[in-house]
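K.L.:
Below you'll find input27.pdb; it's PDB, C-alpha atoms.
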```
ATOM      1  CA  MET T   1      16.419 -32.797 -17.259
ATOM      2  CA  LYS T   2      13.736 -31.174 -15.112
ATOM      3  CA  ASP T   3      16.118 -30.309 -12.284
ATOM      4  CA  ASN T   4      19.186 -29.655 -14.428
ATOM      5  CA  VAL T   5      20.736 -26.340 -15.275
ATOM      6  CA  LEU T   6      21.612 -25.856 -18.933
ATOM      7  CA  GLU T   7      24.368 -23.472 -19.919
ATOM      8  CA  ILE T   8      23.630 -21.716 -23.186
ATOM      9  CA  ASP T   9      25.934 -19.497 -25.193
ATOM     10  CA  HIS T  10      23.332 -16.869 -26.065
ATOM     11  CA  THR T  11      22.205 -13.609 -24.550
ATOM     12  CA  LEU T  12      18.707 -13.346 -23.072
ATOM     13  CA  ALA T  13      17.773 -10.945 -25.880
ATOM     14  CA  GLU T  14      18.777 -13.563 -28.470
ATOM     15  CA  LEU T  15      16.878 -16.279 -26.604
ATOM     16  CA  GLU T  16      13.841 -14.041 -26.418
ATOM     17  CA  ASP T  17      13.891 -13.661 -30.222
ATOM     18  CA  MET T  18      14.431 -17.388 -30.760
ATOM     19  CA  LEU T  19      11.770 -18.582 -28.310
ATOM     20  CA  SER T  20       9.068 -15.944 -28.508
ATOM     21  CA  ASP T  21       6.868 -18.167 -30.718
ATOM     22  CA  TYR T  22       7.022 -20.948 -28.150
ATOM     23  CA  GLY T  23       5.557 -19.106 -25.171
ATOM     24  CA  PHE T  24       8.725 -17.558 -23.751
ATOM     25  CA  VAL T  25       8.744 -13.896 -22.796
ATOM     26  CA  ARG T  26      11.160 -11.561 -21.004
ATOM     27  CA  VAL T  27       9.875 -10.389 -17.599
ATOM     28  CA  SER T  28      12.963  -8.764 -16.115
ATOM     29  CA  LYS T  29      16.628  -8.146 -16.878
ATOM     30  CA  SER T  30      17.463 -11.657 -15.662
ATOM     31  CA  TYR T  31      14.468 -13.811 -16.571
ATOM     32  CA  ILE T  32      12.699 -15.240 -19.588
ATOM     33  CA  VAL T  33       9.683 -17.330 -18.606
ATOM     34  CA  ASN T  34       7.392 -19.856 -20.247
ATOM     35  CA  ILE T  35       3.828 -18.558 -20.043
ATOM     36  CA  TYR T  36       2.404 -22.069 -20.405
ATOM     37  CA  LYS T  37       3.871 -22.912 -16.999
ATOM     38  CA  ILE T  38       2.382 -19.948 -15.135
ATOM     39  CA  ILE T  39      -0.447 -20.864 -12.761
ATOM     40  CA  LYS T  40      -1.460 -17.354 -11.768
ATOM     41  CA  LEU T  41      -0.480 -13.703 -11.782
ATOM     42  CA  LYS T  42      -0.897 -11.571  -8.710
ATOM     43  CA  PRO T  43      -0.275  -7.839  -8.304
ATOM     44  CA  GLU T  44       1.988  -6.897  -5.409
ATOM     45  CA  VAL T  45       1.937  -3.733  -3.335
ATOM     46  CA  ASN T  46       5.171  -2.623  -4.992
ATOM     47  CA  MET T  47       3.275  -2.617  -8.313
ATOM     48  CA  LYS T  48       5.266  -5.566  -9.646
ATOM     49  CA  ILE T  49       3.354  -8.677 -10.701
ATOM     50  CA  CYS T  50       4.182 -11.989  -9.071
ATOM     51  CA  ALA T  51       3.959 -14.978 -11.431
ATOM     52  CA  THR T  52       3.539 -18.358  -9.722
ATOM     53  CA  PHE T  53       4.723 -21.392 -11.713
ATOM     54  CA  GLU T  54       3.685 -25.059 -11.742
ATOM     55  CA  ASN T  55       6.784 -25.997  -9.758
ATOM     56  CA  GLY T  56       5.878 -23.488  -7.033
ATOM     57  CA  GLU T  57       8.555 -21.003  -8.053
ATOM     58  CA  LYS T  58       7.642 -17.311  -7.958
ATOM     59  CA  ILE T  59       9.124 -14.733 -10.289
ATOM     60  CA  TYR T  60       8.392 -11.014 -10.356
ATOM     61  CA  ILE T  61       7.474  -9.229 -13.541
ATOM     62  CA  ASN T  62       9.150  -5.860 -13.295
ATOM     63  CA  ARG T  63       7.145  -2.725 -13.813
ATOM     64  CA  SER T  64       9.218  -1.780 -16.845
ATOM     65  CA  TYR T  65       8.379  -5.138 -18.514
ATOM     66  CA  LYS T  66       4.662  -5.136 -17.649
ATOM     67  CA  LYS T  67       3.543  -3.501 -20.882
ATOM     68  CA  SER T  68       5.609  -5.784 -23.112
ATOM     69  CA  PHE T  69       4.352  -8.811 -21.121
ATOM     70  CA  ASN T  70       0.760  -7.680 -21.632
ATOM     71  CA  ASP T  71       1.366  -7.064 -25.359
ATOM     72  CA  TYR T  72       2.884 -10.538 -25.624
ATOM     73  CA  LEU T  73      -0.165 -12.166 -23.978
ATOM     74  CA  ILE T  74      -2.483 -10.343 -26.384
ATOM     75  CA  LYS T  75      -0.300 -11.434 -29.326
ATOM     76  CA  MET T  76      -0.309 -15.049 -28.166
ATOM     77  CA  LYS T  77      -4.044 -15.068 -27.461
ATOM     78  CA  GLY T  78      -5.047 -15.305 -31.113
ATOM     79  CA  LYS T  79      -2.017 -17.229 -32.232
ATOM     80  CA  LYS T  80      -1.923 -20.983 -32.743
ATOM     81  CA  ARG T  81       1.013 -22.508 -30.868
ATOM     82  CA  VAL T  82       3.989 -23.492 -33.030
ATOM     83  CA  SER T  83       4.630 -27.198 -32.734
ATOM     84  CA  SER T  84       8.076 -28.237 -31.567
ATOM     85  CA  ASN T  85       8.323 -30.408 -34.722
ATOM     86  CA  GLU T  86       8.304 -27.238 -36.795
ATOM     87  CA  VAL T  87      11.544 -25.956 -35.243
TER
ATOM     88  CA  MET A   1      13.166   7.216 -25.862
ATOM     89  CA  LYS A   2      11.158   8.436 -28.840
ATOM     90  CA  SER A   3       8.252   6.127 -27.975
ATOM     91  CA  LYS A   4       8.358   7.269 -24.318
ATOM     92  CA  LEU A   5       8.159  10.911 -25.429
ATOM     93  CA  LYS A   6       5.291  10.029 -27.752
ATOM     94  CA  GLU A   7       3.462   8.303 -24.867
ATOM     95  CA  LEU A   8       4.077  11.330 -22.651
ATOM     96  CA  GLY A   9       2.765  13.655 -25.375
ATOM     97  CA  ILE A  10      -0.404  11.576 -25.710
ATOM     98  CA  MET A  11      -0.851  11.505 -21.922
ATOM     99  CA  ILE A  12      -0.456  15.297 -21.674
ATOM    100  CA  GLY A  13      -2.839  15.823 -24.605
ATOM    101  CA  CYS A  14      -5.545  13.537 -23.192
ATOM    102  CA  THR A  15      -5.231  14.866 -19.631
ATOM    103  CA  TYR A  16      -5.280  18.500 -20.748
ATOM    104  CA  THR A  17      -8.346  17.850 -22.897
ATOM    105  CA  CYS A  18     -10.180  16.298 -19.910
ATOM    106  CA  VAL A  19      -9.104  19.097 -17.547
ATOM    107  CA  SER A  20     -10.011  21.914 -19.942
ATOM    108  CA  VAL A  21     -13.377  20.384 -20.874
ATOM    109  CA  GLY A  22     -14.101  19.820 -17.158
ATOM    110  CA  GLY A  23     -13.068  23.422 -16.448
ATOM    111  CA  ALA A  24     -15.309  24.709 -19.228
ATOM    112  CA  VAL A  25     -18.291  22.747 -17.854
ATOM    113  CA  VAL A  26     -17.642  24.111 -14.344
ATOM    114  CA  ASN A  27     -17.387  27.652 -15.777
ATOM    115  CA  ILE A  28     -20.682  27.269 -17.644
ATOM    116  CA  ILE A  29     -22.458  25.876 -14.578
ATOM    117  CA  GLY A  30     -20.942  28.437 -12.212
ATOM    118  CA  GLY A  31     -21.294  31.313 -14.663
ATOM    119  CA  THR A  32     -17.591  32.150 -14.306
ATOM    120  CA  GLU A  33     -14.965  32.913 -16.931
ATOM    121  CA  THR A  34     -11.318  32.067 -17.347
ATOM    122  CA  ASN A  35      -8.548  33.984 -19.072
ATOM    123  CA  ASN A  36      -5.694  33.100 -21.410
ATOM    124  CA  VAL A  37      -3.095  33.038 -18.627
ATOM    125  CA  ASN A  38      -5.182  30.483 -16.687
ATOM    126  CA  VAL A  39      -5.411  28.272 -19.766
ATOM    127  CA  LEU A  40      -1.618  28.349 -20.183
ATOM    128  CA  VAL A  41      -1.038  27.751 -16.447
ATOM    129  CA  MET A  42      -3.420  24.776 -16.574
ATOM    130  CA  PHE A  43      -1.450  23.340 -19.491
ATOM    131  CA  TRP A  44       1.823  23.869 -17.602
ATOM    132  CA  PHE A  45       0.469  22.133 -14.465
ATOM    133  CA  VAL A  46      -0.777  19.180 -16.541
ATOM    134  CA  THR A  47       2.657  18.936 -18.206
ATOM    135  CA  ILE A  48       4.402  18.946 -14.793
ATOM    136  CA  ALA A  49       2.042  16.298 -13.342
ATOM    137  CA  CYS A  50       2.247  13.962 -16.354
ATOM    138  CA  SER A  51       6.044  14.308 -16.664
ATOM    139  CA  VAL A  52       6.657  13.537 -12.983
ATOM    140  CA  LEU A  53       4.152  10.664 -12.897
ATOM    141  CA  SER A  54       5.669   9.100 -16.024
ATOM    142  CA  LEU A  55       9.035   8.830 -14.235
ATOM    143  CA  TYR A  56       7.668   6.009 -12.035
ATOM    144  CA  MET A  57       9.584   3.308 -13.951
ATOM    145  CA  PHE A  58      12.876   4.766 -12.681
ATOM    146  CA  PHE A  59      11.782   4.037  -9.097
ATOM    147  CA  SER A  60      10.788   0.387  -9.659
ATOM    148  CA  ASN A  61      12.942  -0.837  -6.760
ATOM    149  CA  PHE A  62      11.289   1.424  -4.182
ATOM    150  CA  SER A  63       8.013   0.905  -2.361
ATOM    151  CA  PRO A  64       5.080   2.406  -4.306
ATOM    152  CA  LEU A  65       3.993   4.428  -1.293
ATOM    153  CA  LEU A  66       7.430   6.053  -1.180
ATOM    154  CA  VAL A  67       7.345   6.659  -4.941
ATOM    155  CA  ILE A  68       3.902   8.253  -4.704
ATOM    156  CA  MET A  69       5.105  10.507  -1.888
ATOM    157  CA  ILE A  70       8.327  11.469  -3.726
ATOM    158  CA  GLN A  71       6.345  12.232  -6.870
ATOM    159  CA  TYR A  72       3.829  14.273  -4.884
ATOM    160  CA  ILE A  73       6.589  16.314  -3.206
ATOM    161  CA  ILE A  74       8.413  16.992  -6.510
ATOM    162  CA  THR A  75       5.182  17.941  -8.248
ATOM    163  CA  ILE A  76       3.851  20.183  -5.478
ATOM    164  CA  ILE A  77       7.229  22.007  -5.331
ATOM    165  CA  LEU A  78       7.079  22.637  -9.094
ATOM    166  CA  VAL A  79       3.415  23.682  -8.968
ATOM    167  CA  MET A  80       3.861  26.032  -6.002
ATOM    168  CA  GLY A  81       7.119  27.353  -7.550
ATOM    169  CA  THR A  82       5.192  28.215 -10.706
ATOM    170  CA  ALA A  83       2.492  29.887  -8.592
ATOM    171  CA  MET A  84       5.165  31.993  -6.856
ATOM    172  CA  VAL A  85       6.643  33.072 -10.208
ATOM    173  CA  LEU A  86       3.157  33.965 -11.469
ATOM    174  CA  ASP A  87       2.501  35.891  -8.251
ATOM    175  CA  ARG A  88       5.547  38.063  -9.035
ATOM    176  CA  ILE A  89       4.269  38.802 -12.541
ATOM    177  CA  SER A  90       0.623  39.254 -11.641
ATOM    178  CA  PRO A  91      -0.332  38.984  -7.952
ATOM    179  CA  LEU A  92      -2.618  36.055  -7.140
ATOM    180  CA  SER A  93      -5.930  36.621  -5.426
ATOM    181  CA  PRO A  94      -6.016  36.259  -1.602
ATOM    182  CA  GLY A  95      -6.108  32.528  -0.817
ATOM    183  CA  GLY A  96      -4.826  31.726  -4.318
ATOM    184  CA  PHE A  97      -1.907  29.652  -3.033
ATOM    185  CA  LYS A  98      -4.172  27.667  -0.713
ATOM    186  CA  SER A  99      -6.614  27.107  -3.541
ATOM    187  CA  ILE A 100      -3.867  25.828  -5.883
ATOM    188  CA  PHE A 101      -2.453  23.582  -3.139
ATOM    189  CA  LEU A 102      -5.869  22.066  -2.330
ATOM    190  CA  SER A 103      -6.866  21.654  -5.985
ATOM    191  CA  PHE A 104      -3.705  19.741  -6.730
ATOM    192  CA  THR A 105      -3.615  17.673  -3.517
ATOM    193  CA  ILE A 106      -7.262  16.587  -3.680
ATOM    194  CA  THR A 107      -6.916  15.572  -7.341
ATOM    195  CA  TYR A 108      -3.772  13.606  -6.509
ATOM    196  CA  ILE A 109      -5.459  11.807  -3.583
ATOM    197  CA  ILE A 110      -8.361  10.832  -5.862
ATOM    198  CA  LEU A 111      -6.137   9.656  -8.728
ATOM    199  CA  VAL A 112      -3.746   7.471  -6.705
ATOM    200  CA  PRO A 113      -6.385   4.873  -5.647
ATOM    201  CA  ALA A 114      -7.705   4.923  -9.220
ATOM    202  CA  PHE A 115      -4.192   4.073 -10.391
ATOM    203  CA  TYR A 116      -4.013   1.123  -7.961
ATOM    204  CA  ILE A 117      -7.463  -0.151  -8.960
ATOM    205  CA  GLU A 118      -6.346  -0.063 -12.594
ATOM    206  CA  ILE A 119      -3.295  -2.215 -11.766
ATOM    207  CA  PHE A 120      -5.483  -4.874 -10.069
ATOM    208  CA  ARG A 121      -7.998  -4.764 -12.910
ATOM    209  CA  SER A 122      -5.328  -5.191 -15.592
ATOM    210  CA  THR A 123      -3.755  -8.157 -13.738
ATOM    211  CA  LYS A 124      -7.170  -9.835 -13.518
ATOM    212  CA  LYS A 125      -7.535  -9.355 -17.269
ATOM    213  CA  GLN A 126      -4.024 -10.781 -17.837
ATOM    214  CA  ASN A 127      -4.941 -13.880 -15.793
ATOM    215  CA  LYS A 128      -7.998 -14.375 -17.984
ATOM    216  CA  ILE A 129      -5.960 -14.064 -21.208
ATOM    217  CA  LEU A 130      -3.332 -16.412 -19.791
ATOM    218  CA  LYS A 131      -5.968 -19.077 -19.055
ATOM    219  CA  GLU A 132      -7.341 -18.723 -22.594
ATOM    220  CA  ILE A 133      -3.850 -19.169 -24.079
ATOM    221  CA  GLN A 134      -3.190 -22.202 -21.885
ATOM    222  CA  ASN A 135      -6.560 -23.768 -22.789
ATOM    223  CA  ASN A 136      -5.840 -23.259 -26.506
ATOM    224  CA  HIS A 137      -2.417 -24.776 -25.956
ATOM    225  CA  ALA A 138      -3.920 -27.813 -24.187
ATOM    226  CA  GLU A 139      -6.361 -28.327 -27.068
ATOM    227  CA  ASP A 140      -3.515 -28.184 -29.611
ATOM    228  CA  MET A 141      -1.502 -30.846 -27.802
TER
END
```
How would this structure read if it were set down as structure tokens?
P.N.:
Amino acid sequence: MKDNVLEIDHTLAELEDMLSDYGFVRVSKSYIVNIYKIIKLKPEVNMKICATFENGEKIYINRSYKKSFNDYLIKMKGKKRVSSNEV
Amino acid sequence: MKSKLKELGIMIGCTYTCVSVGGAVVNIIGGTETNNVNVLVMFWFVTIACSVLSLYMFFSNFSPLLVIMIQYIITIILVMGTAMVLDRISPLSPGGFKSIFLSFTITYIILVPAFYIEIFRSTKKQNKILKEIQNNHAEDM
């Protein structure tokens, strides 16, 4: 499962709505990421933010998504995580 | 679009307030006075600077140094263009153009590093929030 690719019949916008309570947030036109898997965030000279994940993968948070990413972190800060049993 | 315009309006309002208050303090200290045209020109320059700077998201694929330079060139052209139009209406004092150029350039050079420092500071804050969220998550598991 860990190394598999799953094909899903939904748009990223739909997935973002469905998964936002579970730590997933949109960071670019092509990526939704799980914030619980991010090890660190690092600003780059091109003003994008590089997110490093537990598996060593690096994904850039685009400048146009930086504000929504920050708002999402603030929202999640005070929020108790929804258990997967509640889905 | 509406929210972007609202953000721009707030940015112009806040910047103009800071610039005009700063100008008033300098006038009081220096014992100088300003006139209504200067107040309007100051507002116009603030509007130009804020509008051009807020376009940065459209250049997200370019290097920031290039973006900063492009924005500086566009802004200085608009500012000096305005100064030339004003000079036709009411001639500027000798050295007026140089003074406008230096005032704008020095402010820009000061603000750009401040902008970068803010980016690094906000990312540090995001890392801290992220750790808090992950710790809460680990406790919930």
K.L.:
Determine the residue set returned by the ChimeraX specification (/A :<12) & /T for the present structure, and present it as a ChimeraX atom specification.
P.N.:
/T:22-23,28,34-52,60-67,69-84
K.L.:
Can you tell me how far CA of Thr47 in chain A sits from CA of Ile12 in chain A, in Å to one decimal?
P.N.:
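Interatomic distance, CA of Thr47 in chain A to CA of Ile12 in chain A: 5.9 Å.
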K.L.:
Padding 6 Å on each side, edges along x, y and z: where is the centre of the box around the listed atoms of range 122-127 of chain A, and how long are its edges in Å to one decimal? Output it as JSON.
P.N.:
```
{"center_x": -5.6, "center_y": -9.5, "center_z": -15.7, "size_x": 15.8, "size_y": 20.7, "size_z": 16.3}
```
K.L.:
Near Arg26 in chain T, counting only C-alpha atoms, which residues have an atom at most 9 Å away, once you skip same-chain residues fewer than 2 positions from it, shown as a list in words?
P.N.:
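My reading of the contact set: Leu12, Ala13, Glu16, Ser20, Phe24, Ser28, Lys29, Ser30, Tyr31, Ile32, Val33, Ile61, Tyr65, Ser68 and Phe69 of chain T.
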K.L.:
Would you put the residues from that selection into a file with C-alpha atoms, as a PDB file, keeping the file's coordinate frame?
P.N.:
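again37.pdb written:
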```
ATOM      1  CA  LEU T  12      18.707 -13.346 -23.072  1.00  0.00           C
ATOM      2  CA  ALA T  13      17.773 -10.945 -25.880  1.00  0.00           C
ATOM      3  CA  GLU T  16      13.841 -14.041 -26.418  1.00  0.00           C
ATOM      4  CA  SER T  20       9.068 -15.944 -28.508  1.00  0.00           C
ATOM      5  CA  PHE T  24       8.725 -17.558 -23.751  1.00  0.00           C
ATOM      6  CA  SER T  28      12.963  -8.764 -16.115  1.00  0.00           C
ATOM      7  CA  LYS T  29      16.628  -8.146 -16.878  1.00  0.00           C
ATOM      8  CA  SER T  30      17.463 -11.657 -15.662  1.00  0.00           C
ATOM      9  CA  TYR T  31      14.468 -13.811 -16.571  1.00  0.00           C
ATOM     10  CA  ILE T  32      12.699 -15.240 -19.588  1.00  0.00           C
ATOM     11  CA  VAL T  33       9.683 -17.330 -18.606  1.00  0.00           C
ATOM     12  CA  ILE T  61       7.474  -9.229 -13.541  1.00  0.00           C
ATOM     13  CA  TYR T  65       8.379  -5.138 -18.514  1.00  0.00           C
ATOM     14  CA  SER T  68       5.609  -5.784 -23.112  1.00  0.00           C
ATOM     15  CA  PHE T  69       4.352  -8.811 -21.121  1.00  0.00           C
TER      16      PHE T  69
END
```
K.L.:
Work out how far CA of Leu8 in chain A is from CA of Leu53 in chain A, in Å to one decimal.
P.N.:
9.8 Å
K.L.:
Name the residues that the PyMOL selection byres ((chain A and resi 97-114) around 10) picks from the file above, as a PDB file with C-alpha atoms, in the frame of the given file, using the file's chain letters and numbers.
P.N.:
```pdb
ATOM      1  CA  PHE A  45       0.469  22.133 -14.465  1.00  0.00           C
ATOM      2  CA  ALA A  49       2.042  16.298 -13.342  1.00  0.00           C
ATOM      3  CA  LEU A  65       3.993   4.428  -1.293  1.00  0.00           C
ATOM      4  CA  ILE A  68       3.902   8.253  -4.704  1.00  0.00           C
ATOM      5  CA  TYR A  72       3.829  14.273  -4.884  1.00  0.00           C
ATOM      6  CA  THR A  75       5.182  17.941  -8.248  1.00  0.00           C
ATOM      7  CA  ILE A  76       3.851  20.183  -5.478  1.00  0.00           C
ATOM      8  CA  VAL A  79       3.415  23.682  -8.968  1.00  0.00           C
ATOM      9  CA  MET A  80       3.861  26.032  -6.002  1.00  0.00           C
ATOM     10  CA  ALA A  83       2.492  29.887  -8.592  1.00  0.00           C
ATOM     11  CA  MET A  84       5.165  31.993  -6.856  1.00  0.00           C
ATOM     12  CA  ASP A  87       2.501  35.891  -8.251  1.00  0.00           C
ATOM     13  CA  LEU A  92      -2.618  36.055  -7.140  1.00  0.00           C
ATOM     14  CA  SER A  93      -5.930  36.621  -5.426  1.00  0.00           C
ATOM     15  CA  PRO A  94      -6.016  36.259  -1.602  1.00  0.00           C
ATOM     16  CA  GLY A  95      -6.108  32.528  -0.817  1.00  0.00           C
ATOM     17  CA  GLY A  96      -4.826  31.726  -4.318  1.00  0.00           C
ATOM     18  CA  PHE A 115      -4.192   4.073 -10.391  1.00  0.00           C
ATOM     19  CA  TYR A 116      -4.013   1.123  -7.961  1.00  0.00           C
ATOM     20  CA  ILE A 117      -7.463  -0.151  -8.960  1.00  0.00           C
ATOM     21  CA  GLU A 118      -6.346  -0.063 -12.594  1.00  0.00           C
ATOM     22  CA  ILE A 119      -3.295  -2.215 -11.766  1.00  0.00           C
TER      23      ILE A 119
END
```
K.L.:
What gap, in Å, lies between CA of Ile74 in chain A and CA of Ile48 in chain A?
P.N.:
9.4 Å
K.L.:
Counting only C-alpha atoms, select every polymer residue within 12 Å of (3.7, 20.9, -22.1) as defined in the file's coordinates, and provide the selection as a ChimeraX atom specification.
P.N.:
/A:5,8-16,39-51
